[in-house]
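Written out below as structure tokens is the structure these notes cover.
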Amino acid sequence: MKFSKSSLLASVVGTALLSTSAFAAGVHPETGEKLADDQTFTYRILDEHSSFDPQVNEDVSGSEISRNLFEGLYSQDNLGNLVPGVALSHTVSDDNLTYTFKLRDNAKWSDGKPVTAGDFVYAWRRLASPELASPYQWYAELMSVENADAIVKGDMKPEELGIKAIDDHTLEVKLTKPLPYFTAMTTHSSTFPSPKWAIEAHGAEWTKPENIVSNGAYKLVKHVPQETAIMERNTNYWDNESTIIDKVETLVINDENIALTRYLAGETDRTEVPAGQFPRLKKEYPDQAVVFPRLCSYYYTFNLSDSGPEEFKDVRVRKALAYALDRRVITDAVLQGGQFPAYTFTPAVTAGFEVPKVDFAGWSQQERDAKAKELLEAAGFTKDNPLEFDLVYNTSEGHKKIAIAMTQMWKQKLGVKVNMNNMEWKTFLNERGNQNFELARGAWCGDYNEASTFLDLMDSESGYNDGKFVNAEVDELLSGAKSTANPQPNYTRIEEIMSAEMPVIPIYHYTNVYMMNAQLKNWPIKNAEQNWYAKNLYKVAK
Amino acid sequence: MLSYILRRVAIAIPTLLLLIIISFLLMHAAPGGPFTSERPLPPAVLANIEAKYGLNNPIYVQIVNYIGGIITEFDFGPSFKYKDRSVNDIIAHGFPVTLTYGFLSFAVAVIVGGALGIAAALKQNSWLDYFAVGVSIGAQVLPNFVMAPILVLVFTLWLGWLPGGGWNDGQWNHLILPVIALSTSYMASVARLTRSSMLEVLHTNFIRTAMAKGLPYKVIIFKHALKPALLPVMSYLGPAFVSMITGSVIIDMYFSTGGIGQFYVNSALNRDYAVMMGITILIGGLTILFNLIVDILYAWVDPKIRY
């Protein structure tokens with residue numbers, strides 16, 4: 001509805017302007033808004049990204065940069081739907097194992113060379129090759145591209161990967177098993193094409209601003225490590241005409257409070273809001289403080305392995321602890337950034353996921369508390385014989401506040417004694433990964449927008465299942481979900497099992513809480529994965 | 001003197017070697033590694049990465065290879081985290097940044113601190129003395145992590161005169177706040193040290209003799225009093241200089257200068273072994289060098305000292 005209106009408006013305004021021959025600059029071609037003279041988008045990043053090389057990069061800020069410098073087969077629109085990138089369309093074979101992509105013939109690299117199917121073949125082989133040793137090699141395996149496993153293990157050559165160029169504008173990919181969300185995975189930066197000639201000429205130095213060749217809407221013009229990366233319009237980009245933002249600048253600012261100060265001083269257009277500051281900022285800057293759902297889940301995981309405490313093997317204890325937490329206190333009083341109390345593991349914002357009605361979600365907090373007391377007593381823990389355990393989180397002011405709130409609730413309602421510990425990030429990961437904990441903090445953000453990216457963590461074989469939860473039915477449901485057209489019943493059942501077994505305590509689902517320049521428009525707040533493209537943004541005049 | 005310098009250099013080599021070996025072992029003893037992440041890598045992928053960086057070798061082989069690389073090619077290895085860059089690259093970029101604002105801060109600390117200290121000592125118990133002591137105590141109790149936010153609040157947010165961070169190729173307006181924030185506490189120490197040692201010297205017999213002889217005041221102060229008064233200040237300035245030019249972690253983090261202090265902290269958190277080692281060696285080497293320079297300067301300032 002809104003769309004048709006604005007495009008109508010656009011055509012009216014467009015015609016009006018064309019007739020007065022003042023269309024050129026200054027006005028948005030579709031909405032008719034007056035554009036700012038300076039179309040520079042500057043945003044804060046937490047830490048220097050790991051690489052500009054799309055196949056090598058391993059972090060979120062690097063992927064954001066990659067999406068602006070490069071263009072893959074498909075991109076996403078503001079809602080997260082697939083839209084053509086270099087690929088215009090694709091066909092799938094009857095057995096769902098062969099994908100044939102039709103590539104556009106007007107796509108060009110920043111040096112003017114055409115983007116061909118061969119550039120994708122080269123990039124995907126690079127991604128899987130042990131020689132490059134990319135930390136994202138597993139992505140080729142995750143996409144189930146033929147022979148990816150054997151290539152990563154070194155048993156086959158990268159040339160044997162199931163991808164080939166039929167001609168310059170036709171790309172064929174063979175999979176080992178049907179994967180319903182395969183095309184969605186091609187929006188990930190590790191699948192973006194790479195320029196063989198530049199890489200062969202400069203080696204690892206090819207990503208330096210003076211050497212880099214890219215096929216996206218922008219090209220890298222300057223990079224000062226730990227300070228800034230500056231990208232400017234790539235005039236060879238096929239859709240350069242529609243791009244409005246001229247320049248994209250990242251600023252590395254490690255501390256979020258400092259980042260906020262610099263935002264308020266007008267140095268950036270976007271920054272994260274530190275925990276607890278949203279209400280104040282919303283009041284002072286109602287048009288700049290924004291909040292929207294994010295594809296991430298915050299939870300605590302019980303150690304259910306042999307090294308875990310005996311007490312947690314009793315499901316009544318796990319449930320009692322999960323019930324007694326008043327999640328509203330955590331979201332509304334501690335975090336104050338519009339986060340959603342979580343009773344299921346998978347966030348409601350996940351595409352195609354319908355949140356199942358798990359029992360305790362529907363109860364009042366009094367009911368949950370009463371049930372928790374009952375369960376804990378039944379498990380044999382009383383005031384005189386209190387439950388006692390260790391809780392660990394990675395060092396951070398925010399996690400600490402939540403942990404304090406949780407332990408207080410348990411203490412007051414159930415008389416449980418909790419010893420809180422915190423550890424520096426890598427130590428924490430090491431201990432949690434080796435099951436040296438009792439109850440540990442966890443958080444997970446979706447790799448793609450589908451419930452399996454969350455629920456796969458509960459697979460007994462998953463490398464991310466740090467609590468070592470083992471349930472044969474869950475394993476079966478998960479593998480079944482991969483090959484069925486409608487996996488929702490499987491996901492519903494898994495969430496029900498999780499609610500009955502409580503291997504983890506879901507606490508809340510994240511939101512993005514930003515301060516965003518009110519002049520900046522078209523931010524994809526409804527794209528749960530937050531895959532944004534600077535070429536779709538614009539700044540209106542003040 | 002020459003043999004003394006040679007002797008010191010000869011001691012410096014095993015010291016550096018020891019520093020490398022101990023840091024290397026300590027670093028590898030820290031839990032987790034450069035490729036520990038929230039999403040543990042599949043074993044095959046991890047094996048490829050470890051093979052690429054030689055982390056699959058026994059630790060003594062790694063140390064030997066590392067030291068060998070430094071000696072033969074002056075190669076400090078690749079960064080595990082910032083995969084487009086080598087350690088040489090990172091230091092070549094970050095060190096000039098820290099050197100610039102560190103050196104300026106040092107100059108400010110010595111000139112302003114020294115002048116305040118001398119003035120205070122010469123006019124002991126006057127308003128100038130109280131003012132100088134007051135300023136230096138004020139500067140001392142305001143550590144740079146308090147100073148930096150206050151400066152940004154006033155000059156960036158309220159007045160809008162100066163940028164709140166960034167380096168911008170060392171443009172002058174990006175230098176002011178970091179230099180003030182870094183230099184104040186050093187300046188305070190220099191001022192207090194200069195004042196007290198100047199006072200001590202002014203009360204010695206040889207100055208009294210010079211006064212009695214009727215030497216001009218300027219000559220007494222600058223030719224006779226200043227040199228011995230600066231001795232304790234110099235022993236403070238040697239290490240202070242090193243810690244200033246190798247970057248204050250807080251200044252780098254707060255002002256996002258891109259200096260090596262920022263890389264130092266992040267490399268420790270990321271277990272980016274090679275970057276951490278490279279910067280450790282740089283700081284260690286500079287510390288040894290400047291201690292030597294201070295010792296040599298000692299002999300020049302104070303003829304009583306002989307090596």
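Going by the structure tokens order, chains are called A, B, ..., each with residues numbered from 1, while ligands are numbered from 1 in the order shown.
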
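Near chain B, counting only C-alpha atoms at 6 Å, the chain A residues are A:Ser50, A:Ser51, A:Pro130, A:Ala133, A:Lys153, A:Gln226, A:Glu227, A:Ile253, A:Arg262, A:Ala265, A:Lys426, A:Thr427, A:Asn430.
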
Practice prompt. Find the residues near Gly308 in chain A: any atom within 8 Å, counting only C-alpha atoms, skip ones fewer than 5 places away on the same chain, and give them as an MDAnalysis selection string.
Written response: chainID A and resid 302:303 435:438

Selected residues written out, N, CA and C atoms, as a CSV table (one decimal), in the first residue's frame:
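That gives us result.csv:
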chain,number,residue,atom,x,y,z
A,302,PHE,N,22.7,-24.7,30.6
A,302,PHE,CA,23.1,-25.6,31.6
A,302,PHE,C,24.2,-26.5,31.1
A,303,ASN,N,25.1,-26.9,31.9
A,303,ASN,CA,26.1,-27.9,31.5
A,303,ASN,C,25.5,-29.3,31.8
A,435,GLN,N,33.3,-27.4,28.4
A,435,GLN,CA,32.4,-27.8,29.4
A,435,GLN,C,32.9,-27.7,30.8
A,436,ASN,N,33.7,-26.6,31.0
A,436,ASN,CA,34.2,-26.3,32.4
A,436,ASN,C,33.3,-25.2,33.0
A,437,PHE,N,32.1,-25.5,33.1
A,437,PHE,CA,31.2,-24.5,33.7
A,437,PHE,C,29.9,-25.2,34.2
A,438,GLU,N,29.1,-24.5,35.0
A,438,GLU,CA,27.9,-25.1,35.5
A,438,GLU,C,26.7,-24.4,34.7

query: What lies within 10 Å of Gly114 in chain B using only C-alpha atoms, ignoring chain neighbours under 4 positions off, as JSON, numbers by chain?
result: {"B": [108, 109, 110, 118, 119, 120, 187, 188, 189, 190, 191, 192, 193, 194, 195, 230, 233]}

Pull N, CA and C atoms from the residues just selected and write them as a JSON list (two decimals), in the first residue's frame.
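Final output, out_0.json:
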[["chain", "number", "residue", "atom", "x", "y", "z"],
["B", 108, "VAL", "N", 55.66, 18.93, 25.64],
["B", 108, "VAL", "CA", 54.81, 19.77, 26.49],
["B", 108, "VAL", "C", 55.12, 19.50, 27.96],
["B", 109, "ALA", "N", 55.22, 18.19, 28.31],
["B", 109, "ALA", "CA", 55.46, 17.83, 29.70],
["B", 109, "ALA", "C", 56.79, 18.41, 30.19],
["B", 110, "VAL", "N", 57.83, 18.31, 29.37],
["B", 110, "VAL", "CA", 59.15, 18.77, 29.80],
["B", 110, "VAL", "C", 59.21, 20.29, 29.86],
["B", 118, "ILE", "N", 60.87, 25.00, 37.91],
["B", 118, "ILE", "CA", 61.98, 25.91, 38.17],
["B", 118, "ILE", "C", 61.44, 27.22, 38.76],
["B", 119, "ALA", "N", 60.38, 27.73, 38.14],
["B", 119, "ALA", "CA", 59.81, 28.98, 38.63],
["B", 119, "ALA", "C", 59.36, 28.84, 40.07],
["B", 120, "ALA", "N", 58.73, 27.70, 40.38],
["B", 120, "ALA", "CA", 58.22, 27.49, 41.73],
["B", 120, "ALA", "C", 59.39, 27.44, 42.72],
["B", 187, "MET", "N", 53.48, 16.05, 32.99],
["B", 187, "MET", "CA", 53.88, 17.43, 33.25],
["B", 187, "MET", "C", 53.89, 17.68, 34.75],
["B", 188, "ALA", "N", 52.88, 17.20, 35.43],
["B", 188, "ALA", "CA", 52.80, 17.40, 36.87],
["B", 188, "ALA", "C", 53.98, 16.75, 37.57],
["B", 189, "SER", "N", 54.31, 15.53, 37.16],
["B", 189, "SER", "CA", 55.44, 14.85, 37.79],
["B", 189, "SER", "C", 56.74, 15.60, 37.54],
["B", 190, "VAL", "N", 56.91, 16.05, 36.29],
["B", 190, "VAL", "CA", 58.13, 16.79, 35.95],
["B", 190, "VAL", "C", 58.21, 18.05, 36.81],
["B", 191, "ALA", "N", 57.09, 18.75, 36.94],
["B", 191, "ALA", "CA", 57.08, 20.00, 37.70],
["B", 191, "ALA", "C", 57.46, 19.74, 39.15],
["B", 192, "ARG", "N", 56.87, 18.72, 39.75],
["B", 192, "ARG", "CA", 57.16, 18.47, 41.16],
["B", 192, "ARG", "C", 58.59, 18.01, 41.37],
["B", 193, "LEU", "N", 59.06, 17.13, 40.47],
["B", 193, "LEU", "CA", 60.44, 16.65, 40.59],
["B", 193, "LEU", "C", 61.44, 17.79, 40.41],
["B", 194, "THR", "N", 61.20, 18.62, 39.40],
["B", 194, "THR", "CA", 62.12, 19.72, 39.13],
["B", 194, "THR", "C", 62.15, 20.68, 40.32],
["B", 195, "ARG", "N", 60.96, 20.98, 40.82],
["B", 195, "ARG", "CA", 60.88, 21.92, 41.94],
["B", 195, "ARG", "C", 61.68, 21.40, 43.13],
["B", 230, "LEU", "N", 68.63, 18.65, 37.32],
["B", 230, "LEU", "CA", 67.88, 17.88, 36.32],
["B", 230, "LEU", "C", 68.13, 16.37, 36.39],
["B", 233, "VAL", "N", 65.25, 14.29, 37.44],
["B", 233, "VAL", "CA", 64.19, 14.45, 36.44],
["B", 233, "VAL", "C", 64.51, 13.56, 35.24]]

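For the pair CA of Leu376 in chain A and CA of Leu391 in chain A, the separation is 18.0 Å.
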